[in-house]
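The file coords-v8.cif comes next; it holds mmCIF, C-alpha atoms and all ligand atoms.
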data_run
#
loop_
_atom_site.label_atom_id
_atom_site.label_comp_id
_atom_site.auth_asym_id
_atom_site.auth_seq_id
_atom_site.Cartn_x
_atom_site.Cartn_y
_atom_site.Cartn_z
CA MET A 4 13.73 17.17 -18.01
CA SER A 5 11.12 19.01 -15.96
CA PHE A 6 10.68 18.80 -12.22
CA GLN A 7 7.43 20.79 -12.37
CA LEU A 8 4.07 19.17 -11.88
CA ASN A 9 1.60 19.55 -14.73
CA GLU A 10 -1.94 20.87 -14.27
CA GLU A 11 -3.49 17.39 -13.86
CA GLN A 12 -0.95 16.43 -11.21
CA LYS A 13 -1.45 19.69 -9.30
CA MET A 14 -5.24 19.28 -9.43
CA VAL A 15 -5.19 15.66 -8.23
CA ARG A 16 -2.84 16.55 -5.37
CA LEU A 17 -5.04 19.46 -4.31
CA MET A 18 -8.21 17.34 -4.43
CA ALA A 19 -6.59 14.59 -2.31
CA ARG A 20 -5.14 17.12 0.12
CA ASP A 21 -8.49 18.82 0.56
CA PHE A 22 -10.23 15.48 1.13
CA ALA A 23 -7.58 14.26 3.57
CA ARG A 24 -7.53 17.42 5.70
CA LYS A 25 -11.33 17.64 5.89
CA GLU A 26 -12.44 14.02 5.98
CA LEU A 27 -9.51 12.09 7.47
CA GLU A 28 -7.39 14.28 9.73
CA PRO A 29 -10.07 15.34 12.28
CA GLU A 30 -11.04 11.74 13.19
CA ALA A 31 -7.75 9.93 12.54
CA ALA A 32 -6.66 9.82 16.21
CA ARG A 33 -10.05 8.54 17.40
CA ARG A 34 -10.20 5.84 14.73
CA ASP A 35 -6.69 4.75 15.65
CA LYS A 36 -7.61 4.56 19.32
CA GLU A 37 -10.82 2.63 18.70
CA GLY A 38 -9.47 0.54 15.82
CA ILE A 39 -12.31 1.56 13.51
CA PHE A 40 -12.17 0.93 9.76
CA PRO A 41 -13.87 3.99 8.22
CA VAL A 42 -16.38 2.30 5.90
CA GLU A 43 -18.17 5.51 4.88
CA VAL A 44 -14.98 7.47 4.28
CA VAL A 45 -13.58 4.66 2.14
CA LYS A 46 -16.83 4.66 0.16
CA LYS A 47 -16.42 8.40 -0.49
CA MET A 48 -12.83 7.84 -1.61
CA GLY A 49 -14.12 5.25 -4.05
CA GLN A 50 -16.67 7.69 -5.43
CA LEU A 51 -13.90 10.25 -5.93
CA GLY A 52 -11.99 7.66 -7.97
CA LEU A 53 -9.15 7.36 -5.42
CA LEU A 54 -9.39 3.56 -5.13
CA GLY A 55 -8.87 2.72 -8.80
CA MET A 56 -7.04 5.79 -10.00
CA MET A 57 -5.10 4.29 -12.87
CA VAL A 58 -8.04 2.40 -14.40
CA PRO A 59 -8.48 3.81 -17.93
CA VAL A 60 -11.59 5.77 -18.91
CA GLU A 61 -12.89 2.90 -21.10
CA TYR A 62 -13.22 0.76 -17.96
CA GLY A 63 -14.89 3.45 -15.91
CA GLY A 64 -11.80 4.97 -14.29
CA VAL A 65 -10.24 8.40 -14.51
CA GLY A 66 -7.07 7.05 -16.13
CA ALA A 67 -4.76 9.02 -13.83
CA SER A 68 -1.03 8.66 -14.25
CA ALA A 69 1.03 6.73 -11.70
CA VAL A 70 2.72 10.05 -10.82
CA SER A 71 -0.66 11.61 -9.95
CA TYR A 72 -1.53 8.51 -7.93
CA CYS A 73 1.67 8.85 -5.87
CA LEU A 74 0.96 12.52 -5.19
CA ALA A 75 -2.59 11.73 -4.04
CA LEU A 76 -1.51 8.84 -1.84
CA GLN A 77 1.10 11.02 -0.11
CA GLU A 78 -1.63 13.48 0.84
CA ILE A 79 -3.87 10.75 2.24
CA ALA A 80 -0.95 9.26 4.23
CA TYR A 81 -0.03 12.67 5.63
CA SER A 82 -3.41 12.81 7.38
CA CYS A 83 -4.04 9.12 8.01
CA ALA A 84 -1.51 6.37 7.26
CA SER A 85 -4.16 3.69 7.91
CA THR A 86 -6.41 5.00 5.15
CA ALA A 87 -3.37 5.29 2.89
CA VAL A 88 -2.69 1.54 3.06
CA THR A 89 -6.36 0.92 2.28
CA MET A 90 -6.02 3.16 -0.77
CA SER A 91 -2.74 1.56 -1.83
CA VAL A 92 -4.04 -2.02 -1.63
CA ALA A 93 -7.33 -1.11 -3.36
CA ASN A 94 -5.38 0.37 -6.27
CA LEU A 95 -2.98 -2.60 -6.32
CA SER A 96 -5.96 -4.92 -6.61
CA THR A 97 -6.97 -3.39 -9.97
CA GLU A 98 -3.58 -4.26 -11.51
CA PRO A 99 -4.04 -8.03 -12.03
CA LEU A 100 -7.36 -7.40 -13.81
CA LEU A 101 -5.95 -4.58 -15.90
CA LYS A 102 -2.91 -6.55 -17.04
CA PHE A 103 -4.17 -10.14 -17.09
CA GLY A 104 -7.99 -10.02 -17.09
CA ASN A 105 -10.02 -10.86 -20.19
CA GLU A 106 -12.67 -8.47 -21.49
CA ASP A 107 -15.50 -10.23 -19.61
CA GLN A 108 -13.60 -10.05 -16.32
CA LYS A 109 -12.69 -6.41 -16.90
CA ALA A 110 -16.29 -5.53 -17.75
CA LYS A 111 -17.59 -7.35 -14.68
CA TYR A 112 -15.18 -5.97 -12.06
CA LEU A 113 -13.10 -3.03 -13.21
CA PHE A 114 -15.94 -0.49 -13.50
CA GLY A 115 -17.05 -1.24 -9.95
CA LEU A 116 -13.50 -1.10 -8.57
CA ALA A 117 -12.77 2.18 -10.36
CA GLN A 118 -15.99 3.88 -9.28
CA GLY A 119 -16.06 2.77 -5.66
CA GLU A 120 -18.94 0.30 -5.95
CA LEU A 121 -16.55 -2.58 -5.26
CA LEU A 122 -13.55 -2.77 -2.93
CA GLY A 123 -10.75 -5.12 -3.95
CA CYS A 124 -8.06 -6.82 -1.86
CA PHE A 125 -4.95 -8.90 -2.59
CA ALA A 126 -4.38 -12.29 -0.96
CA LEU A 127 -0.89 -13.73 -1.31
CA THR A 128 0.63 -14.22 2.16
CA GLU A 129 0.09 -17.42 4.18
CA PRO A 130 1.23 -18.53 7.63
CA GLY A 131 4.14 -20.43 6.03
CA ALA A 132 4.75 -18.15 3.03
CA GLY A 133 5.62 -14.47 3.62
CA SER A 134 8.85 -13.33 1.95
CA ASP A 135 8.80 -16.58 -0.06
CA PRO A 136 5.38 -16.64 -1.76
CA GLY A 137 6.66 -19.20 -4.28
CA SER A 138 6.23 -21.81 -1.54
CA LEU A 139 2.58 -21.07 -0.77
CA SER A 140 0.24 -23.98 -0.21
CA THR A 141 -3.37 -22.78 -0.65
CA ARG A 142 -4.58 -25.18 -3.28
CA ALA A 143 -6.96 -24.85 -6.23
CA GLU A 144 -7.95 -28.16 -7.86
CA ASN A 145 -9.26 -27.99 -11.40
CA LYS A 146 -12.67 -29.73 -11.42
CA GLY A 147 -13.71 -28.75 -14.93
CA ASP A 148 -16.09 -25.84 -14.78
CA TYR A 149 -14.92 -24.83 -11.31
CA TYR A 150 -11.85 -24.90 -9.04
CA LEU A 151 -12.04 -26.29 -5.50
CA ILE A 152 -10.00 -24.04 -3.21
CA ASN A 153 -8.64 -24.94 0.24
CA GLY A 154 -6.24 -23.00 2.45
CA THR A 155 -5.73 -19.92 4.60
CA LYS A 156 -4.40 -16.47 3.75
CA ILE A 157 -3.16 -14.08 6.44
CA PHE A 158 -2.42 -10.36 6.88
CA ILE A 159 -4.99 -9.43 4.24
CA THR A 160 -5.56 -5.68 4.17
CA HIS A 161 -9.29 -4.83 4.39
CA GLY A 162 -10.14 -8.47 3.62
CA GLN A 163 -13.21 -8.24 5.85
CA TYR A 164 -14.68 -5.40 3.76
CA ALA A 165 -13.55 -6.44 0.29
CA ASP A 166 -16.10 -7.40 -2.37
CA VAL A 167 -13.52 -9.12 -4.55
CA VAL A 168 -10.29 -10.90 -3.68
CA ASN A 169 -7.28 -11.31 -5.96
CA LEU A 170 -6.30 -14.74 -4.73
CA ILE A 171 -2.99 -16.44 -5.52
CA THR A 172 -3.12 -20.23 -5.10
CA ARG A 173 -1.27 -23.37 -6.08
CA THR A 174 -2.62 -25.36 -9.02
CA ASP A 175 0.45 -27.56 -9.50
CA GLN A 176 2.22 -29.25 -6.57
CA ASP A 177 5.49 -29.93 -8.38
CA LYS A 178 6.32 -26.68 -10.11
CA GLY A 179 7.23 -24.26 -7.27
CA SER A 180 6.55 -20.65 -8.23
CA LYS A 181 5.57 -21.83 -11.75
CA GLY A 182 2.71 -23.84 -10.23
CA LEU A 183 0.70 -20.85 -8.98
CA SER A 184 -2.47 -19.35 -10.45
CA ALA A 185 -4.54 -16.24 -9.75
CA PHE A 186 -8.32 -16.04 -9.29
CA ILE A 187 -10.95 -13.44 -8.64
CA VAL A 188 -13.06 -14.61 -5.72
CA GLU A 189 -16.26 -12.79 -4.83
CA LYS A 190 -17.35 -12.11 -1.28
CA GLY A 191 -20.13 -14.50 -0.31
CA THR A 192 -18.81 -17.41 -2.36
CA PRO A 193 -19.75 -20.54 -0.35
CA GLY A 194 -16.71 -21.92 1.46
CA PHE A 195 -15.03 -18.51 1.73
CA SER A 196 -15.05 -16.88 5.17
CA ILE A 197 -13.20 -14.32 7.27
CA GLY A 198 -11.04 -15.62 10.13
CA THR A 199 -9.11 -13.76 12.83
CA ARG A 200 -9.08 -9.97 12.79
CA GLU A 201 -5.56 -8.89 13.77
CA ASP A 202 -4.93 -6.50 16.65
CA LYS A 203 -2.04 -4.42 15.33
CA MET A 204 0.57 -2.10 16.86
CA GLY A 205 -0.18 0.63 14.30
CA LEU A 206 -2.34 1.34 11.24
CA ARG A 207 -5.17 0.50 13.59
CA ALA A 208 -7.84 2.08 11.39
CA SER A 209 -6.96 -0.29 8.58
CA ASN A 210 -8.44 -3.76 8.65
CA THR A 211 -6.18 -6.84 8.61
CA VAL A 212 -7.70 -10.32 8.59
CA GLU A 213 -7.29 -13.96 7.80
CA LEU A 214 -9.21 -15.38 4.80
CA ILE A 215 -10.31 -19.00 4.98
CA PHE A 216 -11.11 -21.16 1.96
CA ASP A 217 -12.79 -24.41 2.86
CA ASN A 218 -13.91 -26.39 -0.18
CA CYS A 219 -14.65 -23.07 -1.86
CA ARG A 220 -15.92 -23.45 -5.43
CA VAL A 221 -14.71 -20.73 -7.75
CA PRO A 222 -15.96 -20.75 -11.35
CA GLN A 223 -13.41 -21.57 -14.03
CA LYS A 224 -14.15 -18.20 -15.67
CA ASN A 225 -12.64 -16.44 -12.65
CA LEU A 226 -9.12 -17.70 -13.41
CA LEU A 227 -6.92 -14.74 -14.41
CA GLY A 228 -4.84 -15.38 -17.50
CA ARG A 229 -3.98 -19.07 -17.41
CA GLU A 230 -2.76 -21.65 -14.92
CA GLY A 231 0.89 -21.29 -13.91
CA ILE A 232 1.27 -17.50 -14.16
CA GLY A 233 0.00 -16.63 -10.67
CA PHE A 234 3.48 -15.78 -9.36
CA LYS A 235 4.12 -13.42 -12.27
CA ILE A 236 0.71 -11.78 -11.71
CA ALA A 237 1.50 -11.30 -8.01
CA MET A 238 4.96 -9.85 -8.67
CA THR A 239 3.62 -7.49 -11.34
CA ALA A 240 0.96 -6.25 -8.92
CA LEU A 241 3.59 -5.82 -6.19
CA ASP A 242 5.80 -3.71 -8.47
CA SER A 243 3.00 -1.14 -8.56
CA GLY A 244 2.08 -1.75 -4.93
CA ARG A 245 5.61 -0.87 -3.83
CA ILE A 246 5.35 2.58 -5.42
CA GLY A 247 2.18 3.01 -3.36
CA ILE A 248 3.89 2.04 -0.09
CA ALA A 249 6.79 4.37 -0.92
CA SER A 250 4.21 7.16 -1.30
CA GLN A 251 2.59 6.22 1.99
CA ALA A 252 6.03 6.43 3.65
CA LEU A 253 6.59 9.84 2.04
CA GLY A 254 3.32 11.16 3.46
CA ILE A 255 4.29 9.91 6.92
CA THR A 256 7.76 11.50 6.64
CA ARG A 257 6.27 14.84 5.64
CA ALA A 258 3.92 14.68 8.63
CA CYS A 259 6.92 13.90 10.90
CA LEU A 260 8.78 16.89 9.48
CA ASP A 261 5.86 19.32 9.86
CA GLU A 262 5.09 18.13 13.40
CA SER A 263 8.78 18.53 14.29
CA ILE A 264 9.02 22.07 12.90
CA LYS A 265 5.81 23.13 14.65
CA TYR A 266 6.86 21.68 18.00
CA ALA A 267 10.46 22.95 17.79
CA ARG A 268 9.22 26.49 17.17
CA GLU A 269 6.91 26.38 20.20
CA ARG A 270 8.88 24.44 22.80
CA LYS A 271 11.22 26.51 24.97
CA GLN A 272 14.14 25.19 27.00
CA PHE A 273 17.17 27.01 28.38
CA GLY A 274 15.31 30.28 27.65
CA LYS A 275 15.05 29.67 23.89
CA THR A 276 12.87 27.77 21.45
CA ILE A 277 14.46 24.38 20.81
CA SER A 278 14.49 25.22 17.06
CA SER A 279 17.49 27.44 17.81
CA PHE A 280 19.57 24.42 18.87
CA GLN A 281 21.79 22.86 16.23
CA ALA A 282 21.01 19.30 17.38
CA ILE A 283 17.34 19.88 16.51
CA GLN A 284 18.13 21.75 13.29
CA TRP A 285 20.23 18.85 12.01
CA MET A 286 17.46 16.35 12.53
CA ILE A 287 15.03 18.62 10.68
CA ALA A 288 17.55 19.13 7.85
CA ASP A 289 18.14 15.36 7.55
CA MET A 290 14.42 14.63 7.37
CA ALA A 291 13.83 17.32 4.73
CA THR A 292 16.79 16.21 2.59
CA GLY A 293 15.75 12.56 2.75
CA LEU A 294 12.20 13.54 1.86
CA GLU A 295 13.35 15.32 -1.28
CA ALA A 296 15.49 12.34 -2.36
CA ALA A 297 12.78 9.75 -1.61
CA ASN A 298 10.21 11.83 -3.49
CA LEU A 299 12.42 11.94 -6.59
CA LEU A 300 13.05 8.18 -6.44
CA THR A 301 9.34 7.44 -6.08
CA LEU A 302 8.15 9.82 -8.77
CA SER A 303 10.81 8.58 -11.16
CA ALA A 304 9.67 4.95 -10.63
CA ALA A 305 6.07 6.09 -11.23
CA TRP A 306 7.13 8.03 -14.33
CA LYS A 307 8.77 4.88 -15.71
CA LYS A 308 5.56 2.96 -15.11
CA ASP A 309 3.62 5.68 -16.94
CA HIS A 310 6.01 5.45 -19.87
CA LYS A 311 5.78 1.64 -19.97
CA LEU A 312 9.46 1.27 -19.08
CA PRO A 313 10.69 -1.49 -16.74
CA PHE A 314 10.39 -0.26 -13.15
CA THR A 315 10.71 -3.32 -10.88
CA LYS A 316 14.15 -2.29 -9.59
CA GLU A 317 13.14 1.37 -9.28
CA ALA A 318 9.96 0.51 -7.34
CA SER A 319 12.03 -1.56 -4.91
CA MET A 320 14.57 1.26 -4.52
CA ALA A 321 11.79 3.77 -3.85
CA LYS A 322 10.06 1.49 -1.33
CA LEU A 323 13.33 0.63 0.43
CA PHE A 324 14.60 4.20 0.66
CA ALA A 325 11.29 5.88 1.49
CA SER A 326 10.23 3.37 4.15
CA GLU A 327 13.64 3.33 5.88
CA LEU A 328 13.68 7.13 5.81
CA ALA A 329 10.15 7.28 7.25
CA ASN A 330 11.18 5.00 10.13
CA LYS A 331 14.23 7.18 10.88
CA SER A 332 12.15 10.35 10.56
CA ALA A 333 9.56 9.08 13.04
CA TYR A 334 12.39 8.28 15.46
CA MET A 335 13.88 11.77 15.07
CA ALA A 336 10.50 13.51 15.27
CA LEU A 337 9.67 11.70 18.50
CA GLN A 338 13.12 12.59 19.85
CA ILE A 339 12.44 16.26 19.10
CA HIS A 340 9.14 16.03 20.98
CA GLY A 341 10.88 14.46 23.98
CA GLY A 342 8.60 13.02 26.66
CA TYR A 343 5.52 14.63 25.12
CA GLY A 344 6.01 12.61 21.95
CA TYR A 345 5.53 9.46 24.01
CA LEU A 346 2.00 10.54 24.91
CA LYS A 347 -1.07 9.64 22.89
CA ASP A 348 -2.08 13.35 22.85
CA PHE A 349 0.52 14.04 20.14
CA LYS A 350 0.25 12.94 16.50
CA ILE A 351 3.86 11.77 16.48
CA GLU A 352 2.99 8.88 18.80
CA ARG A 353 0.62 7.48 16.14
CA LEU A 354 3.07 8.14 13.29
CA TYR A 355 5.78 6.28 15.21
CA ARG A 356 3.59 3.15 15.41
CA ASP A 357 2.08 3.45 11.93
CA VAL A 358 5.40 3.83 10.15
CA ARG A 359 6.83 0.50 11.32
CA ALA A 360 4.83 -1.56 8.84
CA THR A 361 6.15 0.32 5.80
CA SER A 362 9.50 -1.47 5.84
CA ILE A 363 7.81 -4.86 6.33
CA TYR A 364 4.73 -5.29 4.12
CA GLU A 365 4.78 -5.63 0.33
CA GLY A 366 8.29 -7.01 0.74
CA THR A 367 10.62 -6.27 3.67
CA SER A 368 13.60 -3.96 3.20
CA GLU A 369 15.73 -7.10 2.93
CA ILE A 370 13.57 -8.39 0.05
CA GLN A 371 13.80 -4.99 -1.72
CA ARG A 372 17.61 -5.17 -1.49
CA LEU A 373 17.49 -8.69 -2.91
CA VAL A 374 15.36 -7.53 -5.87
CA ILE A 375 17.68 -4.56 -6.53
CA ALA A 376 20.87 -6.64 -6.26
CA ARG A 377 19.49 -9.40 -8.54
CA HIS A 378 18.74 -6.80 -11.20
CA LEU A 379 22.23 -5.35 -10.95
CA LEU A 380 24.00 -8.71 -10.95
CA LYS A 381 22.05 -10.54 -13.64
CA ASP A 382 23.85 -11.26 -16.94
N1 LIG B 401 7.57 -9.09 -12.57
C1 LIG B 401 7.38 -10.14 -13.42
N2 LIG B 401 7.94 -11.35 -13.23
C2 LIG B 401 8.72 -11.52 -12.14
C3 LIG B 401 8.97 -10.48 -11.23
C4 LIG B 401 8.35 -9.22 -11.48
N3 LIG B 401 8.55 -8.18 -10.66
N4 LIG B 401 9.77 -10.93 -10.26
C5 LIG B 401 10.03 -12.22 -10.54
N5 LIG B 401 9.40 -12.57 -11.67
C6 LIG B 401 9.46 -13.86 -12.37
C7 LIG B 401 10.92 -14.19 -12.69
O1 LIG B 401 11.33 -13.61 -13.91
C8 LIG B 401 10.91 -15.69 -12.73
O2 LIG B 401 10.41 -16.13 -13.98
P1 LIG B 401 11.34 -17.02 -14.97
O3 LIG B 401 11.73 -18.21 -14.14
O4 LIG B 401 10.41 -17.34 -16.10
O5 LIG B 401 12.48 -16.15 -15.32
C9 LIG B 401 9.88 -16.07 -11.69
O6 LIG B 401 9.06 -14.91 -11.51
C10 LIG B 401 10.50 -16.46 -10.37
O7 LIG B 401 11.32 -15.39 -9.96
P2 LIG B 401 12.42 -15.53 -8.83
O8 LIG B 401 13.25 -16.73 -9.10
O9 LIG B 401 13.12 -14.22 -8.69
O10 LIG B 401 11.51 -15.85 -7.54
P3 LIG B 401 11.88 -16.05 -6.03
O11 LIG B 401 11.07 -17.18 -5.52
O12 LIG B 401 13.35 -16.09 -5.84
O13 LIG B 401 11.27 -14.73 -5.34
C11 LIG B 401 11.19 -12.48 -4.54
C12 LIG B 401 11.59 -13.45 -5.67
C13 LIG B 401 11.59 -11.10 -5.02
C14 LIG B 401 11.92 -12.78 -3.25
C15 LIG B 401 9.67 -12.55 -4.33
O14 LIG B 401 9.32 -13.76 -3.80
C16 LIG B 401 9.14 -11.44 -3.43
O15 LIG B 401 8.89 -10.32 -3.89
N6 LIG B 401 8.92 -11.74 -2.13
C17 LIG B 401 8.22 -10.80 -1.25
C18 LIG B 401 6.75 -11.06 -1.22
C19 LIG B 401 5.95 -9.87 -0.82
O16 LIG B 401 6.25 -8.74 -1.18
N7 LIG B 401 4.87 -10.11 -0.09
C20 LIG B 401 3.99 -9.06 0.28
C21 LIG B 401 2.62 -9.57 0.50
S1 LIG B 401 1.37 -8.50 -0.04
C22 LIG B 401 1.18 -7.30 1.12
O17 LIG B 401 1.96 -7.10 1.99
C23 LIG B 401 -0.02 -6.47 0.85
C24 LIG B 401 -0.61 -5.72 1.96
O18 LIG B 401 -1.67 -6.03 2.41
C25 LIG B 401 -0.01 -4.45 2.43
#
Translate this structure into structure tokens?
Amino acid sequence: MSFQLNEEQKMVRLMARDFARKELEPEAARRDKEGIFPVEVVKKMGQLGLLGMMVPVEYGGVGASAVSYCLALQEIAYSCASTAVTMSVANLSTEPLLKFGNEDQKAKYLFGLAQGELLGCFALTEPGAGSDPGSLSTRAENKGDYYLINGTKIFITHGQYADVVNLITRTDQDKGSKGLSAFIVEKGTPGFSIGTREDKMGLRASNTVELIFDNCRVPQKNLLGREGIGFKIAMTALDSGRIGIASQALGITRACLDESIKYARERKQFGKTISSFQAIQWMIADMATGLEAANLLTLSAAWKKDHKLPFTKEASMAKLFASELANKSAYMALQIHGGYGYLKDFKIERLYRDVRATSIYEGTSEIQRLVIARHLLKD
């Protein structure tokens, strides 16, 4: 067993770090304040291959490993957690096509998604279906050569800017989670529009909107796989997505740690730098130890994905542990900063707001525990 990164992994991490420090970090605070989605920056990330990293070379991607993807995403999150969720959801949105798309669908969409010409999003959640997507009610009626889609999706990351939507709908009223189907819906399809743009507590430079389908006609050829496997497609995509959110949380934790060390070395009280106080040292030690553990959990889940081993439980463990750690780390880092940490002038104030979503989206911590426990308790 080796804990050393290989040359490809080191190179990808360096490239992402360089991009994040130069292109994201300097403007991250302003974008957060103004709630601006960085269209041009996201375009550049697409051109660098960061938005469809695991798409194989034959479909226009760079065919990076999941481990390399996690390393890159951590670097992006370290500088801007908002852009990291954009990157995570864009990569997630290539998964349904890769695993369930036919050759025509792959040829039509995957090249564009991998090379940054198209931005993809993932639409599962509805007002009445969050943790329980098996109960969703957006409906697709089979009309022969097209499906007629009606319903509303909410909390859709960069839905306003996406060119293609991975949409999970109901095609059978009586079959619960076995009655769902997945479609690719293109921006501009008549009957498909953008609703409310959410005003969020954190991740303010990411875009979160409602998608409205009102008698929207989607061609039959845009059905992914077959009718009835939409839930499986969504869960498979979320397995990968959860490794991405774990990586986002890791980037945030590392930023919390670095900000804490920097501040503790500068700030003087009682005639000494606060880094000399044990209370501060313990918080720093706890953050660093958690970071190491969460990194190993996340990279091991990614490694399993790369080696085509089951990784549903491991992805949930990584997402649970890394996002809970990131929340605790942001709390500790703000505590170390004291009153200054409560001011918008300090990066920790943004990290404290951004981090909160990591233990909620792509399955709350409670849902991750449910997934883990079901795997351990099944026959
Ligand atoms: N991979 C493949 N198949 C899976 C699967 C997986 N990971 N998980 C479940 N399935 C299959 C099961 O095997 C089962 O099939 P069979 O009946 O043939 O065995 C079927 O799906 C139903 O499974 P369950 O009975 O376990 O389903 P459930 O209704 O009890 O739900 C759940 C399970 C884990 C709670 C699931 O609903 C879940 O993950 N909920 C959370 C939803 C979520 O994460 N939403 C996030 C929205 S996206 C988002 O946030 C993106 C963003 O923008 C940031």
- Message: Can you measure CA of Ala258 (chain A) to CA of Gly293 (chain A) for me? One decimal in Å is fine.
- Response: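 Going from CA of Ala258 (chain A) over to CA of Gly293 (chain A) covers 13.4 Å.
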- Return as a PyMOL selection string every polymer residue, whether protein, DNA or RNA, with at least one atom no more than 6 Å from an atom of ligand LIG 401 (chain B); count all atoms listed in the file. chain A and resi 127-128+133-137+159-160+235+238-239+242+315+364-366+370+374
- Message: Report, in Å with one decimal, the straight-line distance from CA of Lys203 (chain A) to CA of Ala360 (chain A).
- Response: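 A separation of 9.9 Å between them.
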- Message: From the options A:Gly198, A:Gly182, A:Gly154, A:Gly233, which residue's atoms come nearest to Asn218 (chain A), counting all atoms listed in the file?
- Response: A:Gly154
- Give the answer as one residue: which of A:Lys307, A:Arg245, A:Arg16, A:Lys146 has the shortest atom-to-atom distance to Met320 (chain A), using all atoms listed in the file? A:Arg245
- Would you mind reading off the distance between CA of Ser180 (chain A) and CA of Ile236 (chain A), one decimal, in Å?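 So the two atoms, CA of Ser180 (chain A) and CA of Ile236 (chain A), lie 11.2 Å apart.
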- Message: Could you list, as a list in words, every residue within 9 Å of Arg200 (chain A), counting all atoms listed in the file and ignoring same-chain residues fewer than 6 positions away?
- Response: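 These residues fall inside the cut-off: Phe158, Gln163, Asn210, Thr211, Val212 and Glu213 of chain A.
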I need the residues from that last selection saved to file as a CSV table (one decimal), keeping the file's coordinate frame (with C-alpha atoms), if you can.
chain,number,residue,atom,x,y,z
A,158,PHE,CA,-2.4,-10.4,6.9
A,163,GLN,CA,-13.2,-8.2,5.8
A,210,ASN,CA,-8.4,-3.8,8.6
A,211,THR,CA,-6.2,-6.8,8.6
A,212,VAL,CA,-7.7,-10.3,8.6
A,213,GLU,CA,-7.3,-14.0,7.8
- Residue contacts of region 221-232 of chain A (8 Å, all atoms listed in the file) excluding same-chain residues fewer than 4 positions away, as a PyMOL selection string: chain A and resi 99-100+103-105+108+147-152+174-175+181-188+192+236
Keeping C-alpha atoms, export the residues of the selection given above as a compact mmCIF listing (two decimals), in the coordinates of the input.
# COMPACT_ATOMS: atom_id res chain seq x y z
CA PRO A 99 -4.04 -8.03 -12.03
CA LEU A 100 -7.36 -7.40 -13.81
CA PHE A 103 -4.17 -10.14 -17.09
CA GLY A 104 -7.99 -10.02 -17.09
CA ASN A 105 -10.02 -10.86 -20.19
CA GLN A 108 -13.60 -10.05 -16.32
CA GLY A 147 -13.71 -28.75 -14.93
CA ASP A 148 -16.09 -25.84 -14.78
CA TYR A 149 -14.92 -24.83 -11.31
CA TYR A 150 -11.85 -24.90 -9.04
CA LEU A 151 -12.04 -26.29 -5.50
CA ILE A 152 -10.00 -24.04 -3.21
CA THR A 174 -2.62 -25.36 -9.02
CA ASP A 175 0.45 -27.56 -9.50
CA LYS A 181 5.57 -21.83 -11.75
CA GLY A 182 2.71 -23.84 -10.23
CA LEU A 183 0.70 -20.85 -8.98
CA SER A 184 -2.47 -19.35 -10.45
CA ALA A 185 -4.54 -16.24 -9.75
CA PHE A 186 -8.32 -16.04 -9.29
CA ILE A 187 -10.95 -13.44 -8.64
CA VAL A 188 -13.06 -14.61 -5.72
CA THR A 192 -18.81 -17.41 -2.36
CA ILE A 236 0.71 -11.78 -11.71
What are the closest atom pairs, with distances in Å to one decimal, for all residues of region 244-329 of chain A lying within 12 Å of region 4-12 of chain A? Consider only C-alpha atoms, order rows by chain and residue number, and present the result as CSV.
residue,atom,partner,partner_atom,distance
A:Glu295,CA,A:Phe6,CA,11.8
A:Asn298,CA,A:Phe6,CA,11.2
A:Leu299,CA,A:Phe6,CA,9.0
A:Leu302,CA,A:Phe6,CA,9.9
A:Ser303,CA,A:Phe6,CA,10.3
A:Trp306,CA,A:Phe6,CA,11.5
- Item | Residue with smallest distance to Ala291 (chain A) - pool A:Ser263, A:Thr89, A:Ser138, A:Ser326, counting only C-alpha atoms |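 The shortest atom-to-atom distance to Ala291 (chain A) comes from A:Ser263.
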- Hey, what's within 10 Å of region 38-41 of chain A if we count only C-alpha atoms and toss same-chain stuff fewer than 4 positions away? As a PyMOL selection string, please? chain A and resi 27+30-34+45-46+85-86+89+161+164+202-203+205-211
